[in-house]
Each structure stands twice: as structure tokens, then as C-alpha cells.
file entry_6.cif (mmCIF, C-alpha atoms and all ligand atoms)
data_final
loop_
_atom_site.label_atom_id
_atom_site.label_comp_id
_atom_site.auth_asym_id
_atom_site.auth_seq_id
_atom_site.Cartn_x
_atom_site.Cartn_y
_atom_site.Cartn_z
CA MET C 1 0.00 0.00 0.00
CA GLN C 2 1.14 3.55 -0.75
CA ASP C 3 1.19 6.45 1.77
CA ASP C 4 -2.09 7.69 0.33
CA GLY C 5 -3.75 4.35 1.15
CA ILE C 6 -4.03 3.16 -2.45
CA VAL C 7 -3.25 -0.54 -2.81
CA ILE C 8 -0.86 -1.72 -5.56
CA HIS C 9 -1.83 -5.27 -6.50
CA ASN C 10 0.28 -8.09 -7.95
CA GLU C 11 -0.28 -10.54 -10.83
CA ALA C 12 -2.03 -13.12 -8.63
CA ASP C 13 -4.40 -10.42 -7.34
CA LEU C 14 -5.13 -9.41 -10.94
CA GLU C 15 -6.19 -12.97 -11.81
CA ASN C 16 -8.44 -13.13 -8.74
CA MET C 17 -10.02 -9.78 -9.63
CA ARG C 18 -10.56 -10.87 -13.22
CA ALA C 19 -12.58 -13.83 -11.99
CA ALA C 20 -14.71 -11.71 -9.63
CA CYS C 21 -15.26 -9.05 -12.29
CA ARG C 22 -16.14 -11.62 -14.97
CA LEU C 23 -18.82 -12.97 -12.64
CA ALA C 24 -20.19 -9.48 -11.88
CA ALA C 25 -20.42 -8.79 -15.63
CA SER C 26 -22.23 -12.08 -16.20
CA VAL C 27 -24.85 -11.15 -13.59
CA LEU C 28 -25.82 -8.12 -15.71
CA GLU C 29 -25.95 -10.32 -18.83
CA PHE C 30 -28.07 -12.88 -16.97
CA ILE C 31 -30.59 -10.37 -15.59
CA ASP C 32 -31.09 -8.54 -18.90
CA GLU C 33 -34.00 -10.68 -20.15
CA TYR C 34 -35.89 -10.29 -16.84
CA VAL C 35 -35.84 -6.49 -16.87
CA VAL C 36 -39.32 -6.04 -18.35
CA GLU C 37 -42.62 -4.35 -17.56
CA GLY C 38 -44.36 -5.95 -14.55
CA VAL C 39 -41.34 -7.39 -12.73
CA THR C 40 -40.67 -6.11 -9.21
CA THR C 41 -37.26 -4.87 -8.16
CA ILE C 42 -37.11 -7.46 -5.36
CA GLU C 43 -37.68 -10.22 -7.93
CA LEU C 44 -34.73 -8.88 -9.93
CA SER C 45 -32.59 -8.75 -6.78
CA GLU C 46 -33.50 -12.32 -5.80
CA LEU C 47 -32.76 -13.63 -9.30
CA CYS C 48 -29.33 -11.93 -9.17
CA ASN C 49 -28.67 -13.33 -5.72
CA GLU C 50 -29.45 -16.91 -6.79
CA PHE C 51 -27.19 -16.52 -9.83
CA ILE C 52 -24.34 -15.12 -7.71
CA ILE C 53 -24.64 -17.87 -5.08
CA SER C 54 -24.88 -20.62 -7.71
CA HIS C 55 -21.53 -19.40 -9.05
CA GLY C 56 -19.80 -19.78 -5.69
CA ALA C 57 -19.84 -16.10 -4.72
CA THR C 58 -21.87 -13.81 -2.47
CA SER C 59 -23.44 -10.40 -2.95
CA ALA C 60 -21.17 -7.77 -1.40
CA THR C 61 -24.05 -5.32 -0.98
CA LEU C 62 -26.33 -7.64 1.02
CA GLY C 63 -25.79 -6.64 4.65
CA TYR C 64 -23.16 -4.01 3.78
CA ASN C 65 -23.65 -1.42 6.54
CA GLY C 66 -27.11 -2.95 6.80
CA PHE C 67 -28.05 -2.56 3.09
CA PRO C 68 -30.88 -5.06 2.54
CA GLY C 69 -30.49 -5.85 -1.19
CA ALA C 70 -28.37 -8.30 -3.18
CA VAL C 71 -28.11 -5.55 -5.81
CA CYS C 72 -29.05 -1.87 -5.91
CA THR C 73 -32.08 -1.08 -8.06
CA SER C 74 -32.38 2.62 -8.85
CA VAL C 75 -35.45 3.66 -10.86
CA ASN C 76 -35.98 6.98 -12.74
CA ASP C 77 -35.07 9.88 -10.40
CA VAL C 78 -33.19 7.54 -8.06
CA ILE C 79 -29.48 8.10 -8.59
CA CYS C 80 -28.04 5.13 -6.69
CA HIS C 81 -28.42 2.79 -3.69
CA GLY C 82 -32.07 2.05 -4.46
CA ILE C 83 -33.39 -0.73 -2.22
CA PRO C 84 -35.11 -3.61 -4.07
CA GLY C 85 -38.76 -3.81 -3.09
CA SER C 86 -42.34 -4.19 -4.26
CA TYR C 87 -42.11 -1.56 -7.02
CA ARG C 88 -43.24 -3.03 -10.35
CA LEU C 89 -41.45 -1.74 -13.45
CA LYS C 90 -43.66 -0.06 -16.01
CA SER C 91 -43.09 0.88 -19.63
CA GLY C 92 -41.05 4.09 -19.83
CA ASP C 93 -39.04 3.47 -16.65
CA ILE C 94 -35.26 3.45 -16.57
CA ILE C 95 -33.58 1.26 -13.94
CA ASN C 96 -29.96 0.97 -12.92
CA ILE C 97 -28.95 -2.42 -11.55
CA ASP C 98 -25.68 -2.24 -9.62
CA VAL C 99 -24.02 -5.57 -8.90
CA THR C 100 -21.10 -6.10 -6.53
CA VAL C 101 -19.97 -9.68 -5.99
CA ASN C 102 -17.48 -11.12 -3.55
CA LEU C 103 -15.68 -14.08 -5.08
CA ASP C 104 -13.02 -15.66 -2.87
CA GLY C 105 -12.59 -12.35 -1.05
CA TRP C 106 -12.28 -10.21 -4.22
CA HIS C 107 -14.85 -7.68 -5.38
CA GLY C 108 -16.23 -7.06 -8.87
CA ASP C 109 -18.50 -3.99 -9.19
CA THR C 110 -20.48 -3.06 -12.29
CA SER C 111 -23.79 -1.45 -13.17
CA LYS C 112 -25.90 -0.55 -16.11
CA THR C 113 -29.11 1.36 -16.76
CA PHE C 114 -31.85 -0.53 -18.61
CA LEU C 115 -34.68 1.03 -20.61
CA VAL C 116 -38.07 -0.61 -19.90
CA GLY C 117 -40.59 -0.78 -22.78
CA GLN C 118 -41.14 2.49 -24.63
CA CYS C 119 -39.06 5.31 -23.15
CA THR C 120 -39.10 9.00 -23.99
CA LYS C 121 -36.46 10.50 -26.24
CA LEU C 122 -35.09 12.33 -23.18
CA ALA C 123 -34.70 9.12 -21.15
CA THR C 124 -33.09 7.32 -24.08
CA THR C 125 -30.64 10.16 -24.66
CA LEU C 126 -29.79 10.36 -20.96
CA VAL C 127 -28.98 6.65 -20.83
CA GLU C 128 -26.81 6.95 -23.95
CA VAL C 129 -24.96 9.94 -22.51
CA ALA C 130 -24.41 8.15 -19.18
CA GLU C 131 -22.91 5.13 -20.94
CA ARG C 132 -20.73 7.27 -23.15
CA ALA C 133 -19.62 9.28 -20.10
CA LEU C 134 -18.31 6.06 -18.56
CA TYR C 135 -16.28 5.26 -21.69
CA VAL C 136 -15.01 8.84 -21.96
CA GLY C 137 -13.79 8.48 -18.36
CA ILE C 138 -12.17 5.12 -19.07
CA SER C 139 -10.40 6.52 -22.15
CA ALA C 140 -8.96 9.33 -20.02
CA ALA C 141 -7.62 6.88 -17.42
CA LYS C 142 -4.02 6.07 -18.31
CA PRO C 143 -1.22 4.46 -16.33
CA TYR C 144 1.11 7.22 -15.08
CA GLY C 145 -1.68 9.76 -15.71
CA TYR C 146 -3.85 11.13 -12.90
CA PHE C 147 -7.25 10.30 -11.45
CA GLY C 148 -8.19 13.95 -12.04
CA ASP C 149 -7.98 13.32 -15.81
CA ILE C 150 -11.10 11.14 -15.55
CA GLY C 151 -13.47 13.77 -14.15
CA LYS C 152 -12.05 16.46 -16.42
CA ALA C 153 -12.85 14.40 -19.52
CA ILE C 154 -16.31 13.36 -18.31
CA GLN C 155 -17.19 16.97 -17.44
CA LYS C 156 -16.13 18.20 -20.87
CA TYR C 157 -18.31 15.58 -22.54
CA VAL C 158 -21.41 15.92 -20.32
CA ASP C 159 -21.37 19.73 -20.40
CA CYS C 160 -21.80 19.57 -24.16
CA CYS C 161 -25.02 17.54 -23.71
CA GLY C 162 -26.57 19.87 -21.13
CA PHE C 163 -26.88 17.25 -18.41
CA SER C 164 -25.24 17.34 -14.96
CA ILE C 165 -22.81 15.08 -13.12
CA VAL C 166 -23.51 13.98 -9.54
CA ARG C 167 -20.77 15.24 -7.21
CA ASN C 168 -21.74 13.77 -3.86
CA TYR C 169 -21.04 10.16 -4.86
CA CYS C 170 -18.01 8.87 -6.68
CA GLY C 171 -16.07 5.86 -7.89
CA HIS C 172 -13.59 4.13 -5.61
CA GLY C 173 -10.61 1.88 -5.24
CA ILE C 174 -11.64 -1.79 -5.03
CA GLY C 175 -10.08 -5.19 -4.44
CA ARG C 176 -10.21 -7.07 -1.17
CA LYS C 177 -12.49 -4.23 -0.01
CA MET C 178 -15.54 -3.10 -1.97
CA HIS C 179 -14.83 0.55 -1.21
CA ASP C 180 -11.19 1.60 -0.85
CA GLU C 181 -8.92 4.54 -1.63
CA PRO C 182 -8.91 6.60 -3.77
CA MET C 183 -12.18 8.46 -4.41
CA VAL C 184 -12.69 8.60 -8.18
CA ILE C 185 -14.33 11.94 -8.92
CA HIS C 186 -16.51 12.18 -12.01
CA HIS C 187 -16.59 15.96 -12.43
CA ASP C 188 -13.77 18.47 -12.96
CA ASP C 189 -12.75 19.65 -9.48
CA HIS C 190 -9.55 21.24 -10.86
CA ASP C 191 -7.37 18.85 -8.86
CA LEU C 192 -4.99 16.33 -10.46
CA GLY C 193 -5.56 13.87 -7.63
CA PRO C 194 -3.33 10.81 -7.16
CA GLN C 195 -1.32 9.25 -9.97
CA ILE C 196 -2.77 6.16 -11.64
CA LEU C 197 -0.19 3.40 -11.28
CA PRO C 198 0.01 -0.19 -12.56
CA GLY C 199 -1.60 -2.55 -10.04
CA MET C 200 -4.33 -0.12 -8.98
CA PHE C 201 -7.93 -1.36 -9.21
CA PHE C 202 -10.76 1.18 -9.19
CA THR C 203 -14.26 1.86 -10.46
CA ILE C 204 -15.55 4.58 -12.74
CA GLU C 205 -19.30 5.06 -12.32
CA PRO C 206 -20.58 8.49 -13.37
CA MET C 207 -24.16 9.34 -12.38
CA ILE C 208 -25.72 11.74 -14.89
CA ASN C 209 -28.86 13.80 -14.20
CA VAL C 210 -31.16 15.58 -16.62
CA GLY C 211 -31.52 18.52 -14.19
CA SER C 212 -29.63 19.55 -11.07
CA HIS C 213 -26.59 17.57 -9.88
CA ARG C 214 -27.86 17.88 -6.31
CA THR C 215 -28.92 14.82 -4.34
CA LYS C 216 -31.13 13.89 -1.41
CA VAL C 217 -31.20 10.75 0.72
CA MET C 218 -34.69 9.35 1.27
CA LYS C 219 -36.18 8.40 4.65
CA ASP C 220 -35.01 4.79 4.31
CA GLY C 221 -31.48 6.12 4.84
CA TRP C 222 -30.18 4.58 1.57
CA THR C 223 -32.05 5.66 -1.54
CA VAL C 224 -30.31 8.63 -3.19
CA ALA C 225 -32.54 10.67 -5.53
CA THR C 226 -32.23 13.86 -7.55
CA ILE C 227 -33.33 16.96 -5.64
CA ASP C 228 -35.56 18.14 -8.52
CA LYS C 229 -37.02 14.70 -9.40
CA SER C 230 -35.26 14.75 -12.77
CA LEU C 231 -34.14 11.43 -14.29
CA SER C 232 -30.71 9.98 -13.47
CA ALA C 233 -28.70 7.24 -15.21
CA GLN C 234 -25.44 5.45 -14.42
CA PHE C 235 -23.04 2.88 -15.83
CA GLU C 236 -20.08 1.41 -13.92
CA HIS C 237 -17.02 -0.67 -14.68
CA THR C 238 -14.18 -2.01 -12.52
CA ILE C 239 -10.84 -1.09 -14.07
CA ALA C 240 -7.29 -2.36 -13.58
CA ALA C 241 -4.31 -0.17 -14.43
CA LEU C 242 -1.63 -2.26 -16.14
CA GLU C 243 1.86 -1.15 -17.29
CA THR C 244 0.83 0.36 -20.63
CA SER C 245 -2.98 0.18 -20.67
CA VAL C 246 -6.05 -0.05 -18.53
CA GLU C 247 -8.22 -3.15 -18.56
CA ILE C 248 -12.00 -3.05 -18.23
CA MET C 249 -12.34 -6.05 -15.97
CA THR C 250 -16.16 -6.04 -15.88
CA ARG C 251 -16.58 -5.80 -19.65
CA SER C 252 -19.10 -8.36 -20.86
CA SER C 253 -17.45 -11.62 -21.99
CA LYS C 254 -18.97 -11.03 -25.43
CA HIS C 255 -16.39 -8.31 -26.06
CA ASN C 256 -13.70 -8.61 -23.44
CA VAL C 257 -10.77 -6.65 -24.78
CA THR C 258 -7.93 -4.71 -23.27
CA LYS C 259 -7.89 -1.06 -24.23
CA LEU C 260 -4.48 0.08 -25.49
CA VAL C 261 -3.29 3.50 -24.38
N1 LIG C 301 -22.08 -0.96 -5.88
C1 LIG C 301 -22.14 0.32 -5.25
C2 LIG C 301 -20.97 1.11 -5.77
O1 LIG C 301 -20.82 1.20 -6.95
C3 LIG C 301 -22.09 0.22 -3.76
C4 LIG C 301 -23.34 -0.21 -3.18
S1 LIG C 301 -23.22 -0.18 -1.48
C5 LIG C 301 -24.78 -0.49 -0.99
O2 LIG C 301 -20.13 1.61 -5.10
F1 LIG C 301 -24.69 -0.69 0.26
F2 LIG C 301 -25.56 0.51 -1.33
F3 LIG C 301 -25.21 -1.57 -1.60
CO CO C 302 -18.78 1.10 -7.25
CO CO C 303 -21.52 -0.47 -8.02
#
call {"tool": "encode", "arguments": {"input": "entry_6.cif", "output": "C-alpha cells"}}
result
Amino acid sequence: MQDDGIVIHNEADLENMRAACRLAASVLEFIDEYVVEGVTTIELSELCNEFIISHGATSATLGYNGFPGAVCTSVNDVICHGIPGSYRLKSGDIINIDVTVNLDGWHGDTSKTFLVGQCTKLATTLVEVAERALYVGISAAKPYGYFGDIGKAIQKYVDCCGFSIVRNYCGHGIGRKMHDEPMVIHHDDHDLGPQILPGMFFTIEPMINVGSHRTKVMKDGWTVATIDKSLSAQFEHTIAALETSVEIMTRSSKHNVTKLV
């Protein structure tokens, strides 16, 4: 570990993380066909949990500081940390499913926002922008560059589209812990931040709102929503910094490639 608390991992750690991240990615592939009108968010969470357990892992969110879900399910104006429950998806909803698995003590963390039935042009555009924002952030993340490069690039992209970036929640270092140093900031805070070094594992997970970037926590103590009830979308990958490139460890197995710098 460095002085700033950021863990530098070795080759064996990388292999363990690849396995955890591959499983997390496969949970999102598995759940895709169930994300339809009429399903409840608790049903989606239970399906994910069974899949995770049947692959020899556990959900890292279930019981985390008391969080009651095997995944987070964040619908429409919910930004993140939505608790699975009796809500039934309807046509026009957008829902982020955020999966964190623990496989042999290693964490894979990934999320995506699904469109349910017929969505408005605005919702569809928001989801596209949120996904692109993730990839813009990943492209800016380079070994021997800086974590600050990520937020700078995302901000430049999202500003062009007229949407806002959530500031109160960020990406994070990951590995043996689900949440570790450093904080990965998704907006431009005019700070370089720590250097990105080979062996670092971290997430990039920008949350993009149609309206204000401001957030509120609901009475359940978990659900984070937009202050103005505008829609919010998010995509997340777990990334490893290698010597000359970064690897998207939670990329779906259908196109699992290493991005060259
Ligand atoms: N997976 C979330 C993240 O991206 C963390 C969820 S913690 C929970 O960091 F307790 F809300 F589940
Ligand atoms: Co995360
Ligand atoms: Co997550």
C-alpha cells in the first residue's frame, strides 16, 4: 500500500479480480431478459442473488452497513443505492442495476441502466450519454496519468449535452475491499488527484442527471434521488491499471478486450 492508502496489486491479485469481475459482468448479462414491464425490483434482486450464489460467490451489498439488497435497483429519479422492493417496473421506466460480488474475497463492481418498454427521447438520450460518459472516463484513465484526468474528460463531454454530473457520490478503489482509496471523482474539481499506477484497481461510475446535480437521501437512509425529481442514469465498470494500458475487468465476456493506451 502507498502512503495515500491506495493498494498496488500483484499478478495473482489481478487474476483473482478478473474472476470476480467476470462474474459481476455475467450477472448483468443474466438479468437482462428479466428487466421487463411488470417485474418487481425485489424479484430482480433475488434472481441476481441466486445466480451469484450458484456461481460460488456472495453479494457484497447484502448486509453491507445494513443494506438489505443483493443488488441496488435505482429507478428513474433515483441516482443510486435504491433498495429492491415491491415496485413493479412499467413501460417508460429506466432502472440501474448495480451488482457487486465477492468471489473468494475479491470484489467485482459493475452497473448498467436498462430502458423498460417504450421510453421518452429524453430518457433514451440520458442513458446513452451516461454510458458514453463512462467510456469517456475510461479513455482518459491512463497508467502514469492522474485520477483527475477522468473527471475532467467526463465533465467536458457531459457539459456539451446539457446534463449534470452527480458530485456527492463517486467511484472508488476496489479489491479485497468493496470501497477503498482513492475516491474517483466524475466531475472536474480542478485537482490532479493521485497518480494512476500499474496494479491499482478502481471503479468509474458516473451518475448523470437531466436537471440539477444535487442529491437527497430518502427516509429509508439509503435511496439517493435527484433533488428536482429529474431522471438519473449510471453505468459502472471495474478497471485495472496495467503497465501500458487499462483493462475493463467487468466488460461483458462477449467483447472482453484490453484497451491500449
Ligand atoms: N455498488 C455500489 C458502488 O458502486 C455500492 C453499493 S453499497 C450499498 O459503489 F450498500 F448501497 F449496496
Ligand atoms: Co462502485
Ligand atoms: Co456499483
call {"tool": "closest_atom_pairs", "arguments": {"input": "entry_6.cif", "of": "chain C", "to": "ligand LIG 301 (chain C)", "cutoff": "6 Å", "atoms": "only C-alpha atoms and all ligand atoms", "output": "CSV"}}
result
residue,atom,partner,partner_atom,distance
C:Thr61,CA,C:LIG301,F3,4.0
C:Tyr64,CA,C:LIG301,F1,5.1
C:Phe67,CA,C:LIG301,F1,4.8
C:Cys72,CA,C:LIG301,F3,5.8
C:His81,CA,C:LIG301,F2,4.4
C:Asp98,CA,C:LIG301,N1,5.3
C:Val99,CA,C:LIG301,N1,5.8
C:Thr100,CA,C:LIG301,N1,5.3
C:Asp109,CA,C:LIG301,N1,5.7
call {"tool": "residues_near_ligand", "arguments": {"input": "entry_6.cif", "ligand": "ligand CO 303 (chain C)", "cutoff": "10 Å", "atoms": "all atoms listed in the file", "output": "VMD selection string"}}
result
chain C and resid 24 60 to 61 71 to 72 80 to 81 96 to 101 108 to 112 171 to 172 178 to 179 203 to 205 234 to 238
call {"tool": "write_last_selection", "arguments": {"input": "entry_6.cif", "atoms": "C-alpha atoms", "output": "PDB file, keeping the file's coordinate frame"}}
result
ATOM      1  CA  ALA C  24     -20.190  -9.480 -11.880  1.00  0.00           C
ATOM      2  CA  ALA C  60     -21.170  -7.770  -1.400  1.00  0.00           C
ATOM      3  CA  THR C  61     -24.050  -5.320  -0.980  1.00  0.00           C
ATOM      4  CA  VAL C  71     -28.110  -5.550  -5.810  1.00  0.00           C
ATOM      5  CA  CYS C  72     -29.050  -1.870  -5.910  1.00  0.00           C
ATOM      6  CA  CYS C  80     -28.040   5.130  -6.690  1.00  0.00           C
ATOM      7  CA  HIS C  81     -28.420   2.790  -3.690  1.00  0.00           C
ATOM      8  CA  ASN C  96     -29.960   0.970 -12.920  1.00  0.00           C
ATOM      9  CA  ILE C  97     -28.950  -2.420 -11.550  1.00  0.00           C
ATOM     10  CA  ASP C  98     -25.680  -2.240  -9.620  1.00  0.00           C
ATOM     11  CA  VAL C  99     -24.020  -5.570  -8.900  1.00  0.00           C
ATOM     12  CA  THR C 100     -21.100  -6.100  -6.530  1.00  0.00           C
ATOM     13  CA  VAL C 101     -19.970  -9.680  -5.990  1.00  0.00           C
ATOM     14  CA  GLY C 108     -16.230  -7.060  -8.870  1.00  0.00           C
ATOM     15  CA  ASP C 109     -18.500  -3.990  -9.190  1.00  0.00           C
ATOM     16  CA  THR C 110     -20.480  -3.060 -12.290  1.00  0.00           C
ATOM     17  CA  SER C 111     -23.790  -1.450 -13.170  1.00  0.00           C
ATOM     18  CA  LYS C 112     -25.900  -0.550 -16.110  1.00  0.00           C
ATOM     19  CA  GLY C 171     -16.070   5.860  -7.890  1.00  0.00           C
ATOM     20  CA  HIS C 172     -13.590   4.130  -5.610  1.00  0.00           C
ATOM     21  CA  MET C 178     -15.540  -3.100  -1.970  1.00  0.00           C
ATOM     22  CA  HIS C 179     -14.830   0.550  -1.210  1.00  0.00           C
ATOM     23  CA  THR C 203     -14.260   1.860 -10.460  1.00  0.00           C
ATOM     24  CA  ILE C 204     -15.550   4.580 -12.740  1.00  0.00           C
ATOM     25  CA  GLU C 205     -19.300   5.060 -12.320  1.00  0.00           C
ATOM     26  CA  GLN C 234     -25.440   5.450 -14.420  1.00  0.00           C
ATOM     27  CA  PHE C 235     -23.040   2.880 -15.830  1.00  0.00           C
ATOM     28  CA  GLU C 236     -20.080   1.410 -13.920  1.00  0.00           C
ATOM     29  CA  HIS C 237     -17.020  -0.670 -14.680  1.00  0.00           C
ATOM     30  CA  THR C 238     -14.180  -2.010 -12.520  1.00  0.00           C
TER      31      THR C 238
END
call {"tool": "residues_around", "arguments": {"input": "entry_6.cif", "residues": "Cys119 (chain C)", "least_positions_apart": "4", "cutoff": "10 Å", "atoms": "all atoms listed in the file", "output": "JSON, numbers by chain"}}
result
{"C": [91, 92, 93, 94, 115, 123, 124, 125]}
call {"tool": "closest_residue", "arguments": {"input": "entry_6.cif", "among": "C:Val224, C:Ala141, C:Val75, C:Leu103", "to": "Asn168 (chain C)", "atoms": "only C-alpha atoms"}}
result
C:Val224
call {"tool": "axis_aligned_box", "arguments": {"input": "entry_6.cif", "around": "region 33-46 of chain C", "padding_each_side": "4 Å", "output": "lines of an AutoDock Vina configuration file"}}
result
center_x = -38.5
center_y = -8.3
center_z = -12.8
size_x = 19.8
size_y = 16.0
size_z = 22.8
call {"tool": "closest_residue", "arguments": {"input": "entry_6.cif", "among": "C:Cys160, C:Ile227, C:Ile53, C:Ala19", "to": "Trp106 (chain C)", "atoms": "all atoms listed in the file"}}
result
C:Ala19
call {"tool": "closest_residue", "arguments": {"input": "entry_6.cif", "among": "C:Thr223, C:Ile31, C:Cys21, C:Ala153", "to": "Gly69 (chain C)", "atoms": "all atoms listed in the file"}}
result
C:Thr223
call {"tool": "atom_distance", "arguments": {"input": "entry_6.cif", "atom1": "CA of Met207 (chain C)", "atom2": "CA of Val127 (chain C)"}}
result
10.1 Å
call {"tool": "atom_distance", "arguments": {"input": "entry_6.cif", "atom1": "CA of Asp77 (chain C)", "atom2": "CA of Lys152 (chain C)"}}
result
24.7 Å
call {"tool": "atom_distance", "arguments": {"input": "entry_6.cif", "atom1": "CA of Lys216 (chain C)", "atom2": "CA of Asp189 (chain C)"}}
result
20.9 Å
call {"tool": "residues_around", "arguments": {"input": "entry_6.cif", "residues": "Pro143 (chain C)", "least_positions_apart": "3", "cutoff": "9 Å", "atoms": "all atoms listed in the file", "output": "ChimeraX atom specification"}}
result
/C:146,195-198,241-246,261
call {"tool": "closest_residue", "arguments": {"input": "entry_6.cif", "among": "C:Ile208, C:Leu28, C:Leu192, C:Val129", "to": "Leu231 (chain C)", "atoms": "all atoms listed in the file"}}
result
C:Ile208
call {"tool": "closest_residue", "arguments": {"input": "entry_6.cif", "among": "C:His9, C:His107, C:Arg18, C:Arg88", "to": "ligand CO 302 (chain C)", "atoms": "all atoms listed in the file"}}
result
C:His107
call {"tool": "residues_near_point", "arguments": {"input": "entry_6.cif", "point": "(-6.0, 6.0, -0.4)", "cutoff": "6 Å", "atoms": "only C-alpha atoms", "output": "list in words"}}
result
Asp4, Gly5, Ile6, Glu181 and Pro182 of chain C
call {"tool": "closest_residue", "arguments": {"input": "entry_6.cif", "among": "C:Tyr169, C:Val158, C:Asn209, C:Ala25", "to": "ligand CO 302 (chain C)", "atoms": "all atoms listed in the file"}}
result
C:Tyr169
call {"tool": "residues_around", "arguments": {"input": "entry_6.cif", "residues": "Cys170 (chain C)", "least_positions_apart": "3", "cutoff": "8 Å", "atoms": "only C-alpha atoms", "output": "list in words"}}
result
Arg167, Met183, Val184, Ile185, His186, Ile204, Glu205 and Pro206 of chain C
call {"tool": "decode", "arguments": {"input": "entry_6.cif", "residues": "region 48-85 of chain C", "atoms": "C-alpha atoms", "output": "mmCIF file, in the first residue's frame"}}
result
data_model
loop_
_atom_site.group_PDB
_atom_site.id
_atom_site.type_symbol
_atom_site.label_atom_id
_atom_site.label_comp_id
_atom_site.auth_asym_id
_atom_site.auth_seq_id
_atom_site.Cartn_x
_atom_site.Cartn_y
_atom_site.Cartn_z
ATOM 1 C CA CYS C 48 -29.333 -11.932 -9.171
ATOM 2 C CA ASN C 49 -28.668 -13.327 -5.715
ATOM 3 C CA GLU C 50 -29.455 -16.909 -6.789
ATOM 4 C CA PHE C 51 -27.192 -16.521 -9.825
ATOM 5 C CA ILE C 52 -24.335 -15.120 -7.709
ATOM 6 C CA ILE C 53 -24.640 -17.868 -5.079
ATOM 7 C CA SER C 54 -24.883 -20.619 -7.712
ATOM 8 C CA HIS C 55 -21.530 -19.395 -9.046
ATOM 9 C CA GLY C 56 -19.803 -19.776 -5.687
ATOM 10 C CA ALA C 57 -19.840 -16.103 -4.717
ATOM 11 C CA THR C 58 -21.866 -13.809 -2.473
ATOM 12 C CA SER C 59 -23.436 -10.399 -2.955
ATOM 13 C CA ALA C 60 -21.173 -7.773 -1.404
ATOM 14 C CA THR C 61 -24.051 -5.323 -0.976
ATOM 15 C CA LEU C 62 -26.333 -7.638 1.017
ATOM 16 C CA GLY C 63 -25.791 -6.643 4.653
ATOM 17 C CA TYR C 64 -23.156 -4.012 3.777
ATOM 18 C CA ASN C 65 -23.654 -1.420 6.537
ATOM 19 C CA GLY C 66 -27.105 -2.954 6.797
ATOM 20 C CA PHE C 67 -28.049 -2.558 3.093
ATOM 21 C CA PRO C 68 -30.880 -5.061 2.542
ATOM 22 C CA GLY C 69 -30.492 -5.847 -1.189
ATOM 23 C CA ALA C 70 -28.371 -8.299 -3.183
ATOM 24 C CA VAL C 71 -28.110 -5.550 -5.813
ATOM 25 C CA CYS C 72 -29.048 -1.865 -5.908
ATOM 26 C CA THR C 73 -32.082 -1.078 -8.062
ATOM 27 C CA SER C 74 -32.376 2.624 -8.851
ATOM 28 C CA VAL C 75 -35.447 3.658 -10.864
ATOM 29 C CA ASN C 76 -35.984 6.980 -12.735
ATOM 30 C CA ASP C 77 -35.072 9.883 -10.404
ATOM 31 C CA VAL C 78 -33.194 7.536 -8.056
ATOM 32 C CA ILE C 79 -29.476 8.098 -8.593
ATOM 33 C CA CYS C 80 -28.041 5.132 -6.691
ATOM 34 C CA HIS C 81 -28.420 2.794 -3.689
ATOM 35 C CA GLY C 82 -32.074 2.051 -4.458
ATOM 36 C CA ILE C 83 -33.393 -0.731 -2.218
ATOM 37 C CA PRO C 84 -35.105 -3.613 -4.070
ATOM 38 C CA GLY C 85 -38.764 -3.814 -3.085
#
